[in-house]
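As stored in my_file.cif (mmCIF, C-alpha atoms and all ligand atoms):
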```cif
data_coords
loop_
_atom_site.label_atom_id
_atom_site.label_comp_id
_atom_site.auth_asym_id
_atom_site.auth_seq_id
_atom_site.Cartn_x
_atom_site.Cartn_y
_atom_site.Cartn_z
CA MET A 1 86.95 -23.04 0.45
CA ASP A 2 89.39 -25.29 2.29
CA PHE A 3 88.71 -28.50 0.34
CA LEU A 4 91.06 -30.61 2.45
CA GLN A 5 89.19 -29.52 5.58
CA ARG A 6 85.97 -30.59 3.88
CA ALA A 7 87.54 -34.01 3.20
CA VAL A 8 88.55 -34.24 6.89
CA THR A 9 84.98 -33.48 7.97
CA LEU A 10 83.64 -36.15 5.60
CA ALA A 11 86.17 -38.72 6.84
CA LYS A 12 84.86 -38.36 10.40
CA ARG A 13 81.46 -39.65 9.31
CA GLY A 14 83.02 -43.12 9.13
CA SER A 15 84.41 -42.87 12.65
CA GLY A 16 84.00 -46.06 14.69
CA ASN A 17 82.80 -48.15 11.74
CA THR A 18 85.76 -48.73 9.45
CA PHE A 19 87.94 -51.19 11.43
CA PRO A 20 90.30 -52.64 10.24
CA ASN A 21 90.41 -49.79 7.74
CA PRO A 22 91.16 -46.14 8.52
CA ILE A 23 88.63 -43.33 8.14
CA VAL A 24 89.08 -41.47 4.85
CA GLY A 25 87.32 -38.55 3.16
CA ALA A 26 87.52 -37.28 -0.41
CA VAL A 27 86.32 -34.25 -2.38
CA LEU A 28 86.41 -33.80 -6.17
CA VAL A 29 86.78 -30.24 -7.36
CA LYS A 30 86.50 -28.74 -10.84
CA ASP A 31 86.87 -25.02 -11.50
CA ASP A 32 86.72 -24.37 -7.76
CA VAL A 33 83.35 -26.12 -7.48
CA VAL A 34 82.80 -29.37 -5.57
CA ILE A 35 81.50 -31.97 -8.05
CA GLY A 36 81.66 -35.04 -5.83
CA GLU A 37 82.15 -36.02 -2.17
CA GLY A 38 82.66 -39.30 -0.41
CA PHE A 39 83.91 -41.09 2.68
CA HIS A 40 84.74 -44.64 3.66
CA ALA A 41 81.74 -45.88 5.63
CA TYR A 42 82.78 -49.41 6.70
CA ALA A 43 85.18 -52.18 5.64
CA GLY A 44 83.88 -53.61 2.36
CA SER A 45 82.09 -50.41 1.34
CA LEU A 46 83.40 -48.08 -1.36
CA HIS A 47 86.65 -46.30 -0.60
CA ALA A 48 86.28 -42.53 -0.19
CA GLU A 49 87.77 -41.78 -3.63
CA ALA A 50 85.42 -44.23 -5.36
CA ALA A 51 82.45 -42.83 -3.43
CA ALA A 52 83.34 -39.30 -4.56
CA LEU A 53 83.78 -40.50 -8.15
CA GLY A 54 80.40 -42.23 -7.98
CA ALA A 55 78.82 -38.87 -7.13
CA THR A 56 79.77 -37.24 -10.41
CA ALA A 57 79.16 -38.09 -14.06
CA ASP A 58 82.37 -36.58 -15.40
CA ALA A 59 85.52 -36.14 -13.32
CA ARG A 60 87.86 -35.44 -16.26
CA GLY A 61 90.35 -32.68 -15.55
CA SER A 62 89.29 -32.38 -11.89
CA THR A 63 91.33 -32.26 -8.68
CA LEU A 64 90.87 -34.87 -5.98
CA PHE A 65 91.42 -33.84 -2.36
CA VAL A 66 91.80 -36.99 -0.27
CA THR A 67 92.81 -37.28 3.39
CA LEU A 68 94.87 -40.45 2.84
CA GLU A 69 97.11 -41.65 0.02
CA PRO A 70 94.97 -43.60 -2.50
CA CYS A 71 95.44 -47.36 -2.25
CA ALA A 72 97.48 -49.20 -4.86
CA HIS A 73 96.71 -52.76 -3.79
CA VAL A 74 93.79 -55.00 -4.64
CA GLY A 75 91.75 -55.52 -1.48
CA ARG A 76 88.03 -56.20 -1.46
CA ARG A 77 87.88 -53.53 -4.15
CA PRO A 78 90.13 -52.64 -7.11
CA PRO A 79 92.82 -50.10 -6.23
CA CYS A 80 91.75 -46.46 -6.15
CA THR A 81 94.78 -45.44 -8.19
CA GLN A 82 93.22 -47.31 -11.16
CA ALA A 83 89.87 -45.60 -10.68
CA ILE A 84 91.58 -42.19 -10.47
CA LEU A 85 93.47 -42.78 -13.72
CA ALA A 86 90.40 -44.19 -15.50
CA ALA A 87 88.37 -41.12 -14.50
CA GLY A 88 90.93 -38.71 -15.98
CA ILE A 89 91.62 -36.83 -12.73
CA ARG A 90 94.42 -34.35 -13.35
CA ARG A 91 95.64 -33.49 -9.89
CA VAL A 92 95.53 -35.25 -6.52
CA VAL A 93 96.08 -33.52 -3.18
CA VAL A 94 97.02 -36.14 -0.56
CA GLY A 95 96.55 -35.20 3.10
CA ALA A 96 98.66 -37.97 4.63
CA MET A 97 100.76 -40.85 3.34
CA ASP A 98 99.42 -44.35 3.97
CA PRO A 99 101.32 -46.23 6.72
CA ASP A 100 99.81 -49.53 5.44
CA PRO A 101 102.86 -51.41 4.12
CA ARG A 102 100.74 -52.60 1.15
CA THR A 103 100.45 -49.01 -0.11
CA ALA A 104 103.13 -46.91 1.69
CA GLY A 105 104.14 -44.60 -1.13
CA ARG A 106 103.12 -46.88 -3.98
CA GLY A 107 99.82 -45.07 -4.51
CA VAL A 108 101.54 -41.74 -5.04
CA ALA A 109 104.28 -43.33 -7.17
CA GLN A 110 101.73 -45.01 -9.47
CA LEU A 111 99.80 -41.80 -9.99
CA ARG A 112 102.93 -39.76 -10.69
CA ALA A 113 104.24 -42.40 -13.10
CA ALA A 114 100.97 -42.06 -15.04
CA GLY A 115 101.40 -38.27 -15.29
CA VAL A 116 99.03 -37.14 -12.52
CA ASP A 117 100.16 -34.07 -10.60
CA VAL A 118 100.36 -35.22 -6.95
CA ASP A 119 100.70 -32.82 -4.05
CA VAL A 120 101.52 -34.53 -0.72
CA ARG A 121 100.63 -32.22 2.15
CA ASN A 122 101.44 -34.21 5.35
CA ASP A 123 98.65 -32.15 6.86
CA PRO A 124 98.35 -32.41 10.70
CA ARG A 125 94.53 -32.68 10.51
CA CYS A 126 94.85 -35.64 8.14
CA GLU A 127 97.65 -37.21 10.21
CA ARG A 128 95.39 -36.99 13.26
CA LEU A 129 92.66 -38.93 11.42
CA ILE A 130 94.98 -41.92 11.08
CA GLU A 131 96.75 -41.67 14.45
CA ASP A 132 94.95 -44.86 15.55
CA PHE A 133 95.33 -46.68 12.21
CA ARG A 134 99.08 -46.03 12.24
CA VAL A 135 99.34 -48.07 15.47
CA TRP A 136 97.08 -50.98 14.60
CA VAL A 137 98.31 -51.39 11.02
CA SER A 138 101.76 -52.19 12.43
CA GLY A 139 100.07 -55.34 13.73
CA ASP A 140 101.73 -55.38 17.16
CA ARG A 141 98.90 -54.12 19.35
CA PRO A 142 95.73 -52.04 19.33
CA TYR A 143 95.77 -48.24 19.60
CA VAL A 144 95.14 -47.26 23.25
CA ALA A 145 93.75 -44.03 24.65
CA LEU A 146 93.32 -43.32 28.35
CA LYS A 147 90.31 -41.36 29.53
CA MET A 148 90.22 -40.20 33.14
CA ALA A 149 88.17 -37.67 35.05
CA SER A 150 89.70 -35.90 38.02
CA SER A 151 89.29 -32.95 40.34
CA ILE A 152 91.40 -29.86 39.69
CA ASP A 153 93.91 -31.23 42.20
CA GLY A 154 94.11 -34.57 40.40
CA TYR A 155 92.02 -36.93 42.51
CA VAL A 156 89.23 -39.30 41.51
CA ALA A 157 87.70 -39.89 44.92
CA GLY A 158 87.83 -38.60 48.50
CA SER A 159 88.47 -42.09 49.84
CA PRO A 160 89.32 -45.53 48.40
CA ALA A 161 86.66 -47.83 46.97
CA THR A 162 84.03 -45.15 46.64
CA THR A 163 82.21 -43.93 43.56
CA GLN A 164 82.48 -40.21 43.03
CA ARG A 165 80.56 -38.59 40.19
CA LEU A 166 82.77 -35.69 39.20
CA THR A 167 81.68 -34.66 35.73
CA GLY A 168 78.44 -33.24 34.37
CA ALA A 169 75.78 -34.35 31.91
CA ALA A 170 77.37 -32.53 28.96
CA TRP A 171 80.56 -34.56 29.30
CA PHE A 172 78.56 -37.79 29.64
CA ARG A 173 76.88 -37.05 26.28
CA ARG A 174 80.24 -36.24 24.74
CA LEU A 175 81.72 -39.44 26.12
CA GLN A 176 79.23 -41.45 24.07
CA HIS A 177 80.72 -39.97 20.88
CA LEU A 178 84.23 -40.62 22.10
CA ARG A 179 83.44 -44.27 22.93
CA TYR A 180 81.79 -44.72 19.55
CA SER A 181 85.02 -43.80 17.77
CA PHE A 182 86.81 -46.72 19.48
CA GLN A 183 86.27 -50.42 18.94
CA ALA A 184 86.43 -51.28 22.62
CA VAL A 185 86.32 -49.81 26.07
CA MET A 186 88.41 -51.22 28.94
CA VAL A 187 88.43 -50.95 32.74
CA GLY A 188 90.20 -52.64 35.63
CA ALA A 189 88.74 -54.96 38.25
CA GLY A 190 88.71 -52.21 40.89
CA THR A 191 86.44 -50.04 38.76
CA ALA A 192 84.13 -52.95 37.93
CA LEU A 193 83.80 -53.79 41.64
CA VAL A 194 83.29 -50.23 42.89
CA ASP A 195 81.36 -48.52 40.07
CA ASP A 196 79.80 -51.56 38.36
CA PRO A 197 79.60 -49.74 34.99
CA LEU A 198 77.65 -51.12 32.02
CA LEU A 199 80.12 -49.54 29.54
CA THR A 200 77.78 -49.10 26.62
CA VAL A 201 77.66 -46.61 23.76
CA ARG A 202 74.32 -44.89 23.68
CA ARG A 203 74.50 -43.97 20.02
CA GLY A 204 72.80 -46.14 17.39
CA ALA A 205 73.93 -49.26 15.56
CA ARG A 206 77.43 -49.78 14.22
CA HIS A 207 79.16 -51.98 11.68
CA VAL A 208 81.76 -53.41 14.04
CA PRO A 209 80.44 -54.85 17.30
CA PHE A 210 81.52 -52.86 20.33
CA ALA A 211 83.71 -54.74 22.80
CA ARG A 212 84.01 -54.38 26.57
CA ILE A 213 87.29 -55.47 28.15
CA LEU A 214 87.82 -56.12 31.83
CA ILE A 215 91.29 -56.56 33.36
CA GLY A 216 90.72 -59.01 36.18
CA GLY A 217 92.81 -59.45 39.30
CA ARG A 218 92.87 -61.58 42.39
CA ARG A 219 89.49 -60.52 43.69
CA ARG A 220 86.40 -62.45 42.65
CA LEU A 221 84.33 -60.87 39.90
CA ALA A 222 80.71 -62.02 39.92
CA PRO A 223 78.85 -62.90 36.69
CA THR A 224 76.15 -60.48 37.81
CA LEU A 225 78.44 -57.45 37.28
CA ARG A 226 76.82 -55.23 34.66
CA VAL A 227 79.86 -55.35 32.38
CA PHE A 228 79.07 -59.03 31.70
CA SER A 229 75.45 -58.47 30.70
CA PRO A 230 74.92 -59.64 27.11
CA LEU A 231 73.77 -56.84 24.82
CA PRO A 232 72.64 -57.02 21.18
CA GLY A 233 75.28 -55.61 18.82
CA TYR A 234 78.05 -56.08 21.40
CA ARG A 235 80.80 -58.63 21.40
CA ARG A 236 80.96 -60.95 24.40
CA THR A 237 82.86 -59.20 27.19
CA ILE A 238 86.58 -60.01 27.16
CA LEU A 239 87.98 -60.86 30.59
CA VAL A 240 91.76 -60.84 30.93
CA VAL A 241 93.24 -62.75 33.86
CA ALA A 242 96.72 -63.71 35.05
CA ASP A 243 95.52 -67.08 36.35
CA ASP A 244 92.47 -68.96 35.14
CA GLY A 245 92.58 -71.62 37.89
CA ALA A 246 90.27 -69.94 40.39
CA PRO A 247 86.67 -71.25 40.54
CA TRP A 248 85.26 -67.73 40.05
CA VAL A 249 87.07 -67.44 36.72
CA ARG A 250 85.56 -70.73 35.53
CA GLU A 251 82.20 -69.39 36.55
CA LEU A 252 82.63 -66.51 34.10
CA GLU A 253 83.23 -68.75 31.06
CA GLY A 254 79.52 -68.58 30.29
CA VAL A 255 79.43 -64.78 30.10
CA SER A 256 82.85 -63.81 28.76
CA ASP A 257 85.77 -64.73 26.50
CA ILE A 258 88.70 -65.31 28.80
CA VAL A 259 92.22 -64.27 27.84
CA LEU A 260 95.06 -65.64 29.94
CA ALA A 261 98.03 -63.25 30.25
CA PRO A 262 100.19 -63.92 33.31
CA GLY A 263 102.58 -61.14 34.25
CA GLU A 264 105.76 -61.39 36.28
CA ARG A 265 104.22 -60.08 39.50
CA GLY A 266 101.09 -62.19 39.43
CA ASP A 267 99.09 -59.45 37.73
CA VAL A 268 97.99 -59.23 34.10
CA ASP A 269 100.71 -58.79 31.47
CA LEU A 270 99.09 -55.86 29.69
CA LYS A 271 101.46 -55.84 26.74
CA GLY A 272 100.91 -59.54 26.11
CA ALA A 273 97.15 -59.21 26.55
CA LEU A 274 96.87 -56.32 24.10
CA SER A 275 99.00 -58.06 21.48
CA PHE A 276 96.86 -61.18 21.85
CA MET A 277 93.67 -59.17 21.38
CA ARG A 278 95.09 -57.49 18.27
CA GLU A 279 96.27 -60.71 16.72
CA HIS A 280 93.56 -63.18 17.69
CA MET A 281 90.46 -61.12 18.45
CA ALA A 282 90.72 -58.38 15.80
CA ILE A 283 90.63 -55.62 18.43
CA HIS A 284 92.07 -52.50 16.81
CA SER A 285 91.46 -49.65 19.22
CA ILE A 286 90.71 -49.37 22.93
CA LEU A 287 89.54 -46.55 25.16
CA CYS A 288 90.70 -47.30 28.71
CA GLU A 289 88.49 -45.64 31.30
CA GLY A 290 90.52 -46.35 34.41
CA GLY A 291 90.82 -46.81 37.18
CA PRO A 292 93.96 -45.33 38.71
CA ASN A 293 95.81 -48.64 39.05
CA LEU A 294 95.17 -49.77 35.49
CA ALA A 295 96.00 -46.27 34.24
CA ALA A 296 99.32 -46.39 36.12
CA SER A 297 100.21 -49.80 34.72
CA LEU A 298 99.42 -48.81 31.13
CA LEU A 299 101.43 -45.61 31.46
CA GLY A 300 104.25 -47.48 33.19
CA VAL A 301 104.75 -49.80 30.23
CA GLY A 302 104.30 -47.07 27.63
CA LEU A 303 101.03 -48.37 26.25
CA VAL A 304 99.09 -45.10 26.10
CA ASP A 305 98.99 -43.34 22.72
CA ARG A 306 96.59 -40.53 23.65
CA PHE A 307 94.91 -39.21 26.76
CA PHE A 308 91.56 -37.54 27.32
CA TRP A 309 91.66 -35.84 30.69
CA VAL A 310 88.47 -34.37 32.03
CA VAL A 311 88.94 -31.87 34.83
CA ALA A 312 85.91 -31.16 37.01
CA PRO A 313 85.61 -27.86 38.88
CA THR A 314 86.10 -29.33 42.31
CA LEU A 315 88.85 -30.07 44.85
CA LEU A 316 89.14 -33.41 46.62
CA ALA A 317 92.40 -33.29 48.56
CA SER A 318 92.27 -35.08 51.91
CA PRO A 319 94.50 -37.58 53.71
CA THR A 320 92.50 -40.42 52.15
CA SER A 321 92.03 -39.09 48.60
CA VAL A 322 92.75 -41.35 45.63
CA PRO A 323 94.95 -39.83 42.87
CA ALA A 324 93.85 -40.32 39.26
CA VAL A 325 97.03 -42.26 38.54
CA SER A 326 98.47 -44.56 41.19
CA ARG A 327 102.20 -44.93 41.65
CA ILE A 328 103.93 -45.47 38.32
CA ASP A 329 106.85 -47.81 37.96
CA GLY A 330 109.11 -47.52 34.96
CA ASN A 331 109.97 -44.31 33.19
CA ALA A 332 106.49 -43.09 32.25
CA ASN A 333 106.92 -40.01 34.40
CA ARG A 334 109.57 -38.87 31.99
CA ALA A 335 107.47 -39.52 28.90
CA ALA A 336 106.99 -36.48 26.72
CA TRP A 337 103.35 -35.55 26.21
CA LYS A 338 101.85 -33.07 23.86
CA PHE A 339 98.64 -31.19 24.64
CA ASP A 340 96.73 -30.62 21.46
CA SER A 341 93.30 -29.51 22.50
CA VAL A 342 91.54 -27.95 25.45
CA LYS A 343 87.75 -27.57 25.43
CA LYS A 344 85.16 -26.50 27.93
CA ILE A 345 82.32 -29.03 27.95
CA GLY A 346 79.48 -27.96 30.20
CA ASP A 347 81.19 -27.11 33.49
CA ASP A 348 84.14 -29.43 32.81
CA VAL A 349 87.33 -29.07 30.81
CA LEU A 350 88.56 -31.74 28.40
CA ILE A 351 92.29 -31.81 27.74
CA SER A 352 93.48 -34.09 25.00
CA GLY A 353 96.97 -34.91 23.92
CA SER A 354 99.28 -37.54 22.58
CA ALA A 355 102.31 -39.38 23.80
CA ALA A 356 105.15 -37.87 21.84
CA ARG A 357 107.81 -40.37 22.88
CA CYS A 358 109.51 -41.70 25.96
CA LEU A 359 112.61 -39.81 27.03
CA ALA A 360 114.56 -43.02 27.29
CA ASP A 361 117.36 -43.67 29.75
N1 LIG B 401 87.51 -40.62 37.70
C1 LIG B 401 87.75 -41.59 36.83
O1 LIG B 401 88.01 -41.33 35.67
C2 LIG B 401 87.67 -43.01 37.30
C3 LIG B 401 87.69 -44.03 36.36
C4 LIG B 401 87.63 -45.33 36.79
C5 LIG B 401 87.59 -45.60 38.15
N2 LIG B 401 87.56 -44.60 39.05
C6 LIG B 401 87.57 -44.89 40.49
O2 LIG B 401 88.76 -45.61 40.76
C7 LIG B 401 88.54 -46.55 41.80
C8 LIG B 401 88.94 -47.94 41.34
O3 LIG B 401 90.25 -47.89 40.85
P1 LIG B 401 91.37 -48.98 41.16
O4 LIG B 401 92.67 -48.34 40.90
O5 LIG B 401 91.10 -49.59 42.49
O6 LIG B 401 91.04 -50.12 40.11
P2 LIG B 401 91.32 -50.34 38.57
O7 LIG B 401 92.50 -49.59 38.10
O8 LIG B 401 90.04 -50.23 37.84
O9 LIG B 401 91.68 -51.91 38.60
C9 LIG B 401 92.91 -52.32 39.15
C10 LIG B 401 92.84 -53.79 39.46
O10 LIG B 401 92.95 -54.57 38.26
C11 LIG B 401 93.64 -55.76 38.53
N3 LIG B 401 94.85 -55.86 37.71
C12 LIG B 401 95.31 -57.01 37.14
N4 LIG B 401 96.41 -56.79 36.44
C13 LIG B 401 96.69 -55.47 36.55
C14 LIG B 401 97.75 -54.67 36.04
N5 LIG B 401 98.73 -55.15 35.25
N6 LIG B 401 97.75 -53.36 36.37
C15 LIG B 401 96.77 -52.82 37.14
N7 LIG B 401 95.76 -53.55 37.64
C16 LIG B 401 95.70 -54.87 37.34
C17 LIG B 401 94.00 -55.73 40.02
O11 LIG B 401 92.91 -56.39 40.68
P3 LIG B 401 93.11 -57.14 42.07
O12 LIG B 401 93.35 -56.05 43.10
O13 LIG B 401 91.79 -57.84 42.28
O14 LIG B 401 94.25 -58.08 41.95
C18 LIG B 401 93.99 -54.25 40.31
O15 LIG B 401 93.77 -53.95 41.66
C19 LIG B 401 87.09 -46.45 42.15
O16 LIG B 401 86.98 -45.59 43.28
C20 LIG B 401 86.47 -45.79 40.95
O17 LIG B 401 85.29 -45.07 41.26
C21 LIG B 401 87.60 -43.30 38.64
ZN ZN B 402 91.23 -47.20 -2.04
#
```
For the structure just supplied, provide its representation as structure tokens.
Ligand SMILES: NC(=O)c1ccc[n+]([C@@H]2O[C@H](COP(=O)([O-])OP(=O)(O)OC[C@H]3O[C@@H](n4cnc5c(N)ncnc54)[C@H](OP(=O)(O)O)[C@@H]3O)[C@@H](O)[C@H]2O)c1
Ligand SMILES: [Zn+2]
Amino acid sequence: MDFLQRAVTLAKRGSGNTFPNPIVGAVLVKDDVVIGEGFHAYAGSLHAEAAALGATADARGSTLFVTLEPCAHVGRRPPCTQAILAAGIRRVVVGAMDPDPRTAGRGVAQLRAAGVDVDVRNDPRCERLIEDFRVWVSGDRPYVALKMASSIDGYVAGSPATTQRLTGAAWFRRLQHLRYSFQAVMVGAGTALVDDPLLTVRRGARHVPFARILIGGRRRLAPTLRVFSPLPGYRRTILVVADDGAPWVRELEGVSDIVLAPGERGDVDLKGALSFMREHMAIHSILCEGGPNLAASLLGVGLVDRFFWVVAPTLLASPTSVPAVSRIDGNANRAAWKFDSVKKIGDDVLISGSAARCLAD
């Protein structure tokens, strides 16, 4: 049995609920038999290692497979390194090192110093689990993924300012799971005005309230837009504007938390807005769902860590068609991207990948 894979599967059970912590899974194995399993369910709950230890009466001489380096710092709970040593675990297989500066190598060092055999794998499956955590733990901004749906030829609509349903029911169900794994979903003013989405997650309660973020522009946004509707278990909608002087913005104070982030061209300074949300609103991860102008701006300033591209089996090319990404300024067109999965979902195809790095000037 691939015990590390089992730990990865367990870790995913915490998905969407552990902010500001990462998702982590752990499996305790003795004589090739699993004697304990655990995962981190939400911030303040047992760490995965402690949960796995709690599932067995005697862990002496066992091997711990854990997706992330055990913590060495005292947080809400005593460090896992202490619990591992106290339990008499002989060997620890670590999937990925912890990018949290409070641990960053200290967990492994403490265990080795105490005579535990530690095997650091730097396993890609475990690295992928903390791709988002790695960004938000740096403290500069939230992790950002861009989700767009387009025709095969790369358009979102046959003409401007129209709603075009491209994808099928199977993708819509899948999207609920994707949204759930993020802390917030974000769209631009154009999308709010044309599609009037509610932006909810139709998937049970969660430990961290879900947030909806709207990037406002010069056009009036009415308080009756569905994105502003208060919903139990959701944070108040966050509206980001470049100028809060307009009467329509004041009118939205009752239904949203307004973030002021003026950019150089009179639009929203996305970098500034995201940093503000990370620092002052505890927003750790965001799924941006368009539209084409917001997508272009995010890509243009290098703020997209991962993309989820859904291709629908249709063609939309015409003289008036709207491309999925509007004109990009900056050097995003030369960014290096890495495809890492392609899946057929119903009649659609989901392509996912990460931003490797920008091929700088
Ligand atoms: N297929 C898909 O995945 C998908 C997803 C979403 C939307 N759509 C479609 O896309 C269309 C709407 O897209 P859109 O491009 O018009 O709107 P959008 O990208 O949702 O919003 C762009 C608007 O946001 C405001 N804004 C403020 N600061 C900005 C910044 N730094 N960068 C970019 N925008 C900023 C501006 O509003 P002001 O103009 O008011 O100043 C701008 O026009 C609709 O037809 C919708 O159905 C498709
Ligand atoms: Zn821990």
Kindly compute an axis-aligned box around the listed atoms of stretch 176-184 of chain A, allowing 4 Å on each side, and express its centre and edge lengths in Å to one decimal as JSON.
```
{"center_x": 83.0, "center_y": -45.6, "center_z": 20.9, "size_x": 15.6, "size_y": 19.3, "size_z": 14.3}
```
Considering all atoms listed in the file, give me a table of residues in chain A that are at most 10 Å from ligand ZN 402 (chain B), with the closest atom pair and distance in Å for each, as a Markdown table.
```
| residue | atom | partner | partner_atom | distance |
| --- | --- | --- | --- | --- |
| A:Val24 | CA | B:ZN402 | ZN | 9.2 |
| A:His40 | CA | B:ZN402 | ZN | 9.0 |
| A:Leu46 | CA | B:ZN402 | ZN | 7.9 |
| A:His47 | CA | B:ZN402 | ZN | 4.9 |
| A:Ala48 | CA | B:ZN402 | ZN | 7.1 |
| A:Glu49 | CA | B:ZN402 | ZN | 6.6 |
| A:Ala50 | CA | B:ZN402 | ZN | 7.3 |
| A:Ala51 | CA | B:ZN402 | ZN | 9.9 |
| A:Leu68 | CA | B:ZN402 | ZN | 9.1 |
| A:Glu69 | CA | B:ZN402 | ZN | 8.3 |
| A:Pro70 | CA | B:ZN402 | ZN | 5.2 |
| A:Cys71 | CA | B:ZN402 | ZN | 4.2 |
| A:Ala72 | CA | B:ZN402 | ZN | 7.1 |
| A:His73 | CA | B:ZN402 | ZN | 8.0 |
| A:Val74 | CA | B:ZN402 | ZN | 8.6 |
| A:Gly75 | CA | B:ZN402 | ZN | 8.4 |
| A:Arg76 | CA | B:ZN402 | ZN | 9.6 |
| A:Arg77 | CA | B:ZN402 | ZN | 7.5 |
| A:Pro78 | CA | B:ZN402 | ZN | 7.5 |
| A:Pro79 | CA | B:ZN402 | ZN | 5.3 |
| A:Cys80 | CA | B:ZN402 | ZN | 4.2 |
| A:Thr81 | CA | B:ZN402 | ZN | 7.3 |
| A:Gln82 | CA | B:ZN402 | ZN | 9.3 |
| A:Ala83 | CA | B:ZN402 | ZN | 8.9 |
| A:Ile84 | CA | B:ZN402 | ZN | 9.8 |
| A:Thr103 | CA | B:ZN402 | ZN | 9.6 |
| A:Gly107 | CA | B:ZN402 | ZN | 9.2 |
```
May I have the selected residues written with C-alpha atoms, as a PDB file, in the frame of the given file?
```
ATOM      1  CA  VAL A  24      89.080 -41.470   4.850  1.00  0.00           C
ATOM      2  CA  HIS A  40      84.740 -44.640   3.660  1.00  0.00           C
ATOM      3  CA  LEU A  46      83.400 -48.080  -1.360  1.00  0.00           C
ATOM      4  CA  HIS A  47      86.650 -46.300  -0.600  1.00  0.00           C
ATOM      5  CA  ALA A  48      86.280 -42.530  -0.190  1.00  0.00           C
ATOM      6  CA  GLU A  49      87.770 -41.780  -3.630  1.00  0.00           C
ATOM      7  CA  ALA A  50      85.420 -44.230  -5.360  1.00  0.00           C
ATOM      8  CA  ALA A  51      82.450 -42.830  -3.430  1.00  0.00           C
ATOM      9  CA  LEU A  68      94.870 -40.450   2.840  1.00  0.00           C
ATOM     10  CA  GLU A  69      97.110 -41.650   0.020  1.00  0.00           C
ATOM     11  CA  PRO A  70      94.970 -43.600  -2.500  1.00  0.00           C
ATOM     12  CA  CYS A  71      95.440 -47.360  -2.250  1.00  0.00           C
ATOM     13  CA  ALA A  72      97.480 -49.200  -4.860  1.00  0.00           C
ATOM     14  CA  HIS A  73      96.710 -52.760  -3.790  1.00  0.00           C
ATOM     15  CA  VAL A  74      93.790 -55.000  -4.640  1.00  0.00           C
ATOM     16  CA  GLY A  75      91.750 -55.520  -1.480  1.00  0.00           C
ATOM     17  CA  ARG A  76      88.030 -56.200  -1.460  1.00  0.00           C
ATOM     18  CA  ARG A  77      87.880 -53.530  -4.150  1.00  0.00           C
ATOM     19  CA  PRO A  78      90.130 -52.640  -7.110  1.00  0.00           C
ATOM     20  CA  PRO A  79      92.820 -50.100  -6.230  1.00  0.00           C
ATOM     21  CA  CYS A  80      91.750 -46.460  -6.150  1.00  0.00           C
ATOM     22  CA  THR A  81      94.780 -45.440  -8.190  1.00  0.00           C
ATOM     23  CA  GLN A  82      93.220 -47.310 -11.160  1.00  0.00           C
ATOM     24  CA  ALA A  83      89.870 -45.600 -10.680  1.00  0.00           C
ATOM     25  CA  ILE A  84      91.580 -42.190 -10.470  1.00  0.00           C
ATOM     26  CA  THR A 103     100.450 -49.010  -0.110  1.00  0.00           C
ATOM     27  CA  GLY A 107      99.820 -45.070  -4.510  1.00  0.00           C
TER      28      GLY A 107
END
```
Using all atoms listed in the file, which of A:Gly190, A:Pro262, A:Gly254, A:Pro209 sits nearest ligand LIG 401 (chain B)?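 Once distances to ligand LIG 401 (chain B) are computed over all atoms listed in the file, the minimum belongs to A:Gly190.
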Between A:Arg250, A:Arg235, A:Arg121, A:Arg265, which residue has the minimum interatomic distance to A:Thr67, considering all atoms listed in the file?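 Ranked by minimum distance to A:Thr67, first place goes to A:Arg121.
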Extract, using only C-alpha atoms, all DNA, RNA and protein residues at most 9 Å from A:Glu131, discarding same-chain residues fewer than 5 positions from it, and format them as an mmCIF file with C-alpha atoms, in the frame of the given file.
```cif
data_model
loop_
_atom_site.group_PDB
_atom_site.id
_atom_site.type_symbol
_atom_site.label_atom_id
_atom_site.label_comp_id
_atom_site.auth_asym_id
_atom_site.auth_seq_id
_atom_site.Cartn_x
_atom_site.Cartn_y
_atom_site.Cartn_z
ATOM 1 C CA CYS A 126 94.850 -35.640 8.140
ATOM 2 C CA TYR A 143 95.770 -48.240 19.600
ATOM 3 C CA ASP A 305 98.990 -43.340 22.720
#
```
Shell around A:Arg202 at 10 Å using all atoms listed in the file, local window under 6 positions removed, as a PyMOL selection string: chain A and resi 173+175-177+179-180
Got a minute to add N, CA, C and O atoms to stretch 87-91 of chain A and dump it as an mmCIF file, in the coordinates of the input?
```cif
data_model
loop_
_atom_site.group_PDB
_atom_site.id
_atom_site.type_symbol
_atom_site.label_atom_id
_atom_site.label_comp_id
_atom_site.auth_asym_id
_atom_site.auth_seq_id
_atom_site.Cartn_x
_atom_site.Cartn_y
_atom_site.Cartn_z
ATOM 1 N N ALA A 87 89.315 -42.252 -14.506
ATOM 2 C CA ALA A 87 88.370 -41.120 -14.500
ATOM 3 C C ALA A 87 88.980 -39.852 -15.105
ATOM 4 O O ALA A 87 88.274 -38.862 -15.299
ATOM 5 N N GLY A 88 90.281 -39.890 -15.365
ATOM 6 C CA GLY A 88 90.930 -38.710 -15.980
ATOM 7 C C GLY A 88 91.161 -37.563 -15.014
ATOM 8 O O GLY A 88 91.206 -36.394 -15.425
ATOM 9 N N ILE A 89 91.316 -37.882 -13.726
ATOM 10 C CA ILE A 89 91.620 -36.830 -12.730
ATOM 11 C C ILE A 89 93.021 -36.291 -13.000
ATOM 12 O O ILE A 89 93.953 -37.056 -13.243
ATOM 13 N N ARG A 90 93.155 -34.946 -12.945
ATOM 14 C CA ARG A 90 94.420 -34.350 -13.350
ATOM 15 C C ARG A 90 95.372 -34.133 -12.181
ATOM 16 O O ARG A 90 96.584 -34.217 -12.305
ATOM 17 N N ARG A 91 94.798 -33.833 -11.027
ATOM 18 C CA ARG A 91 95.640 -33.490 -9.890
ATOM 19 C C ARG A 91 95.074 -34.149 -8.634
ATOM 20 O O ARG A 91 93.844 -34.211 -8.456
#
```
